[in-house]
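Undergrad: Next up is a structure, given as structure tokens.
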Amino acid sequence: MSETTIQVAEAVLATIRNRRSVKQVRPDPVPRELIEQLLEAAIWAPNHHLTQPWRFFVLTGEARVALGEVLARDPALTPAKREAIRQKPLRAPVLIAVAVEPDPARPLLDELAAGAAAIQNMLLAAHALGLGAIWRTGRAIEDPAVKEFLGLSDRAVLLGFVYIGYPAALPEPPARRPASTCTEWIDAERAAAARDRLLATLDHSPARHD
């Protein structure tokens, strides 16, 4: 392995390890060119069948205010609760709603996985560019009015909102379980035993693996 390859690998692995979900960002505007770099990184996510189902909606300025008004439209909420909800999109200068318009001919899980991978690419790119970002979900992603606000179809799935800005505070790294605690290495003997057990109990109709 060449020295250059080693350096690139170390930089990528360091970005993965050091990325944090940044909740507190400054109100300073983020240049459009940087946001476009995040979106460009997102579209290079792995995607089965290359359906490219992801959809990105970038909200800045007053567009965030409009979204907040949609989120806080319920008249049954107390004034304080409505105002708290209305303020949510204003927590960062840039808000990117990420959705998937799934191909009806493909498994939905494949399409959702592609969208999630696109978000991860976006988060890693934000960290590499010195930006702070956090992926938020909550009840809003299941709100039909929010989907309509964004112009999504009925079958679309809203995966969440990525809040982006320049970090005001960097969180401490959270504790992570070692990979060894959630990993099993399946050797040939175990695989053969599982195969034999399953084939003895299941019918022999061919499985479909499109």
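In the structure tokens, chains take letters A, B, ... by order of appearance, with residues numbered from 1 within each chain and ligands from 1 in the order shown.
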I'd like the contact shell of region 61-69 of chain A - 12 Å cut-off, only C-alpha atoms, skipping same-chain residues fewer than 4 positions apart - returned as a VMD selection string.

TA: chain A and resid 27 to 30 57 73 to 75 82 to 97 140 143 145 to 150 161 163

Undergrad: Go ahead and write the residues just picked, N, CA, C and O atoms, as a short mmCIF file (atom, residue, chain, number, x, y, z; two decimals), in the first residue's frame.

TA:
data_model
loop_
_atom_site.label_atom_id
_atom_site.label_comp_id
_atom_site.auth_asym_id
_atom_site.auth_seq_id
_atom_site.Cartn_x
_atom_site.Cartn_y
_atom_site.Cartn_z
N PRO A 27 -25.42 31.46 13.96
CA PRO A 27 -26.39 31.91 12.96
C PRO A 27 -25.76 32.37 11.65
O PRO A 27 -26.48 32.70 10.71
N ASP A 28 -24.43 32.39 11.58
CA ASP A 28 -23.75 32.86 10.37
C ASP A 28 -24.24 32.10 9.14
O ASP A 28 -24.36 30.87 9.18
N PRO A 29 -24.46 32.79 8.03
CA PRO A 29 -24.89 32.10 6.81
C PRO A 29 -23.79 31.16 6.29
O PRO A 29 -22.60 31.42 6.48
N VAL A 30 -24.22 30.09 5.68
CA VAL A 30 -23.29 29.12 5.09
C VAL A 30 -23.30 29.33 3.58
O VAL A 30 -24.38 29.35 2.96
N PHE A 57 -34.31 19.06 -0.16
CA PHE A 57 -34.99 20.35 -0.14
C PHE A 57 -34.22 21.26 0.81
O PHE A 57 -34.20 21.02 2.02
N ARG A 73 -49.14 24.39 13.26
CA ARG A 73 -50.48 24.82 12.85
C ARG A 73 -51.60 24.31 13.75
O ARG A 73 -52.73 24.78 13.65
N ASP A 74 -51.33 23.34 14.60
CA ASP A 74 -52.38 22.72 15.41
C ASP A 74 -52.93 23.71 16.43
O ASP A 74 -52.23 24.10 17.36
N PRO A 75 -54.21 24.12 16.30
CA PRO A 75 -54.77 25.11 17.23
C PRO A 75 -54.96 24.56 18.64
O PRO A 75 -55.18 25.33 19.58
N ARG A 82 -46.79 25.92 20.69
CA ARG A 82 -46.79 26.29 19.28
C ARG A 82 -45.56 27.11 18.94
O ARG A 82 -44.94 26.92 17.90
N GLU A 83 -45.20 28.03 19.81
CA GLU A 83 -44.03 28.87 19.54
C GLU A 83 -42.75 28.04 19.57
O GLU A 83 -41.84 28.25 18.74
N ALA A 84 -42.66 27.09 20.48
CA ALA A 84 -41.47 26.23 20.54
C ALA A 84 -41.33 25.42 19.26
O ALA A 84 -40.22 25.28 18.72
N ILE A 85 -42.45 24.90 18.76
CA ILE A 85 -42.41 24.12 17.52
C ILE A 85 -42.08 25.02 16.34
O ILE A 85 -41.30 24.64 15.46
N ARG A 86 -42.65 26.22 16.33
CA ARG A 86 -42.40 27.15 15.23
C ARG A 86 -40.92 27.51 15.13
O ARG A 86 -40.40 27.75 14.03
N GLN A 87 -40.24 27.52 16.25
CA GLN A 87 -38.83 27.92 16.27
C GLN A 87 -37.88 26.80 15.85
O GLN A 87 -36.71 27.06 15.58
N LYS A 88 -38.36 25.58 15.80
CA LYS A 88 -37.46 24.45 15.54
C LYS A 88 -36.66 24.60 14.24
O LYS A 88 -35.45 24.35 14.23
N PRO A 89 -37.28 24.97 13.12
CA PRO A 89 -36.48 25.08 11.88
C PRO A 89 -35.45 26.20 11.92
O PRO A 89 -34.59 26.27 11.03
N LEU A 90 -35.52 27.07 12.92
CA LEU A 90 -34.60 28.20 13.00
C LEU A 90 -33.35 27.89 13.83
O LEU A 90 -32.54 28.77 14.09
N ARG A 91 -33.20 26.63 14.22
CA ARG A 91 -32.07 26.26 15.06
C ARG A 91 -30.75 26.27 14.30
O ARG A 91 -29.68 26.17 14.90
N ALA A 92 -30.82 26.35 12.98
CA ALA A 92 -29.60 26.39 12.16
C ALA A 92 -29.90 27.25 10.93
O ALA A 92 -31.06 27.35 10.50
N PRO A 93 -28.89 27.88 10.34
CA PRO A 93 -29.13 28.73 9.17
C PRO A 93 -29.54 27.96 7.92
O PRO A 93 -30.14 28.54 7.01
N VAL A 94 -29.20 26.68 7.88
CA VAL A 94 -29.56 25.86 6.72
C VAL A 94 -30.23 24.59 7.21
O VAL A 94 -29.76 23.94 8.15
N LEU A 95 -31.32 24.26 6.57
CA LEU A 95 -32.06 23.05 6.88
C LEU A 95 -32.28 22.30 5.58
O LEU A 95 -32.77 22.86 4.60
N ILE A 96 -31.87 21.04 5.55
CA ILE A 96 -32.08 20.21 4.36
C ILE A 96 -33.01 19.06 4.72
O ILE A 96 -32.68 18.21 5.55
N ALA A 97 -34.18 19.08 4.11
CA ALA A 97 -35.10 17.96 4.27
C ALA A 97 -34.70 16.89 3.26
O ALA A 97 -34.49 17.18 2.08
N ALA A 140 -42.52 15.15 12.80
CA ALA A 140 -42.68 15.94 11.57
C ALA A 140 -42.48 15.11 10.31
O ALA A 140 -43.10 15.39 9.28
N ASP A 143 -45.72 13.69 9.07
CA ASP A 143 -46.81 14.65 8.91
C ASP A 143 -47.12 14.83 7.42
O ASP A 143 -46.29 15.33 6.67
N ALA A 145 -48.87 16.99 5.97
CA ALA A 145 -48.80 18.39 5.58
C ALA A 145 -47.38 18.82 5.26
O ALA A 145 -47.15 19.65 4.37
N VAL A 146 -46.41 18.26 5.96
CA VAL A 146 -45.01 18.59 5.69
C VAL A 146 -44.61 18.05 4.32
O VAL A 146 -43.92 18.73 3.54
N LYS A 147 -45.03 16.84 4.03
CA LYS A 147 -44.75 16.27 2.72
C LYS A 147 -45.38 17.11 1.61
O LYS A 147 -44.78 17.36 0.57
N GLU A 148 -46.61 17.57 1.86
CA GLU A 148 -47.27 18.41 0.87
C GLU A 148 -46.55 19.75 0.72
O GLU A 148 -46.40 20.28 -0.39
N PHE A 149 -46.10 20.31 1.83
CA PHE A 149 -45.34 21.57 1.82
C PHE A 149 -44.10 21.44 0.93
O PHE A 149 -43.75 22.37 0.19
N LEU A 150 -43.46 20.29 1.00
CA LEU A 150 -42.25 20.06 0.21
C LEU A 150 -42.54 19.65 -1.23
O LEU A 150 -41.64 19.66 -2.07
N PHE A 161 -34.52 15.74 8.74
CA PHE A 161 -33.99 17.07 8.44
C PHE A 161 -32.55 17.13 8.91
O PHE A 161 -32.23 16.74 10.03
N TYR A 163 -29.76 19.67 9.91
CA TYR A 163 -29.50 21.05 10.30
C TYR A 163 -28.01 21.32 10.13
O TYR A 163 -27.18 20.55 10.61
#

Undergrad: DSSP on the backbone, strand (DSSP E) only: what residues of region 22-119 of chain A does that give? Format it as a PyMOL selection string.

TA: chain A and resi 54-60+94-100

Undergrad: Give the answer as one residue: which of A:Ile119, A:Leu71, A:Ala105, A:Ile164 has the shortest atom-to-atom distance to Leu59 (chain A), using only C-alpha atoms?

TA: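 Ranked by minimum distance to Leu59 (chain A), first place goes to A:Ile164.
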
Undergrad: Can you tell me, as a list in words, what residues are no more than 12 Å from Glu36 (chain A) when counting only C-alpha atoms, ignoring any on the same chain fewer than 5 positions away?

TA: Val30, Pro31, Ala41, Ala42, Ile43, Phe56, Phe57, Val58, Val94, Ile96, Met122, Ala125, Ala126 and Leu129 of chain A

Undergrad: Can you work out which one of A:Glu172, A:Gly151, A:Thr60, A:Ala45 has the shortest atom-to-atom distance to Glu111 (chain A), counting only C-alpha atoms?

TA: A:Ala45

Undergrad: What is the CA of Ala188 (chain A) to CA of Ala200 (chain A) distance in Å?

TA: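 CA of Ala200 (chain A) lies at a distance of 18.1 Å from CA of Ala188 (chain A).
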
Undergrad: List as a VMD selection string the protein and nucleic acid residues near Glu101 (chain A), meaning an atom at most 10 Å away when only C-alpha atoms are counted, but skip any in the same chain fewer than 2 places from it.

TA: chain A and resid 51 to 55 99 103 to 104 108 111 to 112 115 152 to 158

Undergrad: Output the selection as a PDB file, in the first residue's frame - N, CA and C atoms for each residue.

TA:
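That gives us part.pdb:
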ATOM      1  N   THR A  51     -31.439   3.528  -8.640  1.00  0.00           N
ATOM      2  CA  THR A  51     -32.694   4.260  -8.816  1.00  0.00           C
ATOM      3  C   THR A  51     -32.570   5.720  -8.382  1.00  0.00           C
ATOM      4  N   GLN A  52     -31.557   6.020  -7.560  1.00  0.00           N
ATOM      5  CA  GLN A  52     -31.310   7.381  -7.078  1.00  0.00           C
ATOM      6  C   GLN A  52     -32.600   8.012  -6.550  1.00  0.00           C
ATOM      7  N   PRO A  53     -33.209   7.420  -5.517  1.00  0.00           N
ATOM      8  CA  PRO A  53     -34.526   7.861  -5.062  1.00  0.00           C
ATOM      9  C   PRO A  53     -34.517   9.089  -4.159  1.00  0.00           C
ATOM     10  N   TRP A  54     -33.338   9.544  -3.761  1.00  0.00           N
ATOM     11  CA  TRP A  54     -33.253  10.637  -2.805  1.00  0.00           C
ATOM     12  C   TRP A  54     -33.749  11.954  -3.393  1.00  0.00           C
ATOM     13  N   ARG A  55     -34.317  12.771  -2.526  1.00  0.00           N
ATOM     14  CA  ARG A  55     -34.753  14.122  -2.876  1.00  0.00           C
ATOM     15  C   ARG A  55     -34.324  15.048  -1.743  1.00  0.00           C
ATOM     16  N   ALA A  99     -35.693  13.224   1.603  1.00  0.00           N
ATOM     17  CA  ALA A  99     -36.782  12.274   1.395  1.00  0.00           C
ATOM     18  C   ALA A  99     -36.387  11.258   0.338  1.00  0.00           C
ATOM     19  N   ASP A 103     -38.915   3.857  -5.992  1.00  0.00           N
ATOM     20  CA  ASP A 103     -39.309   3.217  -7.242  1.00  0.00           C
ATOM     21  C   ASP A 103     -40.266   2.082  -6.884  1.00  0.00           C
ATOM     22  N   PRO A 104     -41.503   2.123  -7.373  1.00  0.00           N
ATOM     23  CA  PRO A 104     -42.469   1.079  -6.988  1.00  0.00           C
ATOM     24  C   PRO A 104     -42.077  -0.313  -7.446  1.00  0.00           C
ATOM     25  N   LEU A 108     -38.848  -1.498  -1.053  1.00  0.00           N
ATOM     26  CA  LEU A 108     -38.827  -0.223  -0.337  1.00  0.00           C
ATOM     27  C   LEU A 108     -37.602  -0.107   0.554  1.00  0.00           C
ATOM     28  N   GLU A 111     -34.649   1.303  -1.157  1.00  0.00           N
ATOM     29  CA  GLU A 111     -34.751   2.736  -1.422  1.00  0.00           C
ATOM     30  C   GLU A 111     -34.486   3.550  -0.152  1.00  0.00           C
ATOM     31  N   LEU A 112     -35.012   3.081   0.976  1.00  0.00           N
ATOM     32  CA  LEU A 112     -34.793   3.783   2.236  1.00  0.00           C
ATOM     33  C   LEU A 112     -33.329   3.733   2.648  1.00  0.00           C
ATOM     34  N   GLY A 115     -31.386   6.319   0.807  1.00  0.00           N
ATOM     35  CA  GLY A 115     -31.577   7.651   1.357  1.00  0.00           C
ATOM     36  C   GLY A 115     -30.792   7.865   2.636  1.00  0.00           C
ATOM     37  N   LEU A 152     -43.875  16.583  -2.069  1.00  0.00           N
ATOM     38  CA  LEU A 152     -43.607  15.159  -2.212  1.00  0.00           C
ATOM     39  C   LEU A 152     -44.887  14.409  -2.556  1.00  0.00           C
ATOM     40  N   SER A 153     -44.720  13.245  -3.154  1.00  0.00           N
ATOM     41  CA  SER A 153     -45.864  12.406  -3.479  1.00  0.00           C
ATOM     42  C   SER A 153     -46.353  11.674  -2.240  1.00  0.00           C
ATOM     43  N   ASP A 154     -47.517  11.048  -2.363  1.00  0.00           N
ATOM     44  CA  ASP A 154     -48.068  10.291  -1.238  1.00  0.00           C
ATOM     45  C   ASP A 154     -47.178   9.111  -0.857  1.00  0.00           C
ATOM     46  N   ARG A 155     -46.511   8.523  -1.832  1.00  0.00           N
ATOM     47  CA  ARG A 155     -45.700   7.342  -1.540  1.00  0.00           C
ATOM     48  C   ARG A 155     -44.307   7.697  -1.013  1.00  0.00           C
ATOM     49  N   ALA A 156     -43.943   8.963  -1.054  1.00  0.00           N
ATOM     50  CA  ALA A 156     -42.614   9.381  -0.600  1.00  0.00           C
ATOM     51  C   ALA A 156     -42.459   9.144   0.898  1.00  0.00           C
ATOM     52  N   VAL A 157     -41.230   8.965   1.301  1.00  0.00           N
ATOM     53  CA  VAL A 157     -40.896   8.805   2.723  1.00  0.00           C
ATOM     54  C   VAL A 157     -39.913   9.910   3.094  1.00  0.00           C
ATOM     55  N   LEU A 158     -40.292  10.711   4.064  1.00  0.00           N
ATOM     56  CA  LEU A 158     -39.413  11.764   4.558  1.00  0.00           C
ATOM     57  C   LEU A 158     -38.510  11.162   5.630  1.00  0.00           C
TER      58      LEU A 158
END

Undergrad: I need the residues of region 54-204 of chain A that end up classed as helix (DSSP H, G or I) by DSSP on the backbone, written out as JSON, numbers by chain.

TA: {"A": [62, 63, 64, 65, 66, 67, 68, 69, 70, 71, 79, 80, 81, 82, 83, 84, 85, 86, 87, 88, 89, 90, 91, 108, 109, 110, 111, 112, 113, 114, 115, 116, 117, 118, 119, 120, 121, 122, 123, 124, 125, 126, 127, 128, 139, 140, 141, 142, 144, 145, 146, 147, 148, 149, 150, 179, 180, 181, 182, 188, 189, 190, 191, 192, 193, 194, 195, 196, 197, 198, 199, 200, 201]}

Undergrad: Tell me which of A:Arg20, A:Ala114, A:Trp44, A:Ala194 sits closest to Pro174 (chain A), counting only C-alpha atoms.

TA: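 Among the listed residues, A:Arg20 lies closest to Pro174 (chain A).
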
Undergrad: Hey, can you check how far CA of Gly130 (chain A) sits from CA of Val25 (chain A)?

TA: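 The value is 11.6 Å.
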
Undergrad: At a cut-off of 9 Å, using only C-alpha atoms, what residues contact Ala128 (chain A)? Leave out same-chain residues fewer than 4 positions from it and give the result as number ranges by chain.

TA: A: 15, 19, 123-124

Undergrad: With N, CA, C and O atoms kept, could you save the residues just selected as a compact mmCIF listing (two decimals), in the first residue's frame?

TA:
# COMPACT_ATOMS: atom_id res chain seq x y z
N THR A 15 -12.24 11.00 9.73
CA THR A 15 -13.48 11.74 9.54
C THR A 15 -14.66 10.96 10.10
O THR A 15 -15.54 11.52 10.77
N ARG A 19 -16.53 12.61 13.47
CA ARG A 19 -17.79 13.29 13.19
C ARG A 19 -18.70 13.25 14.41
O ARG A 19 -18.80 12.24 15.09
N LEU A 123 -23.43 14.12 6.14
CA LEU A 123 -22.90 14.43 7.46
C LEU A 123 -21.38 14.36 7.49
O LEU A 123 -20.71 15.20 8.11
N LEU A 124 -20.82 13.36 6.83
CA LEU A 124 -19.36 13.24 6.78
C LEU A 124 -18.74 14.39 6.01
O LEU A 124 -17.70 14.93 6.40

Undergrad: Give me the residues near Pro173 (chain A) as a list in words, where near means some atom within 8 Å (using only C-alpha atoms) and where sequence neighbours in that chain fewer than 2 positions away do not count.

TA: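 Here the qualifying residues turn out to be Asn18, Arg20, Pro171 and Ala175 of chain A.
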
Undergrad: Enter the distance from CA of Glu142 (chain A) to CA of Gly160 (chain A), in Å, rounded to one decimal.

TA: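 Separating CA of Glu142 (chain A) from CA of Gly160 (chain A) is a distance of 9.5 Å.
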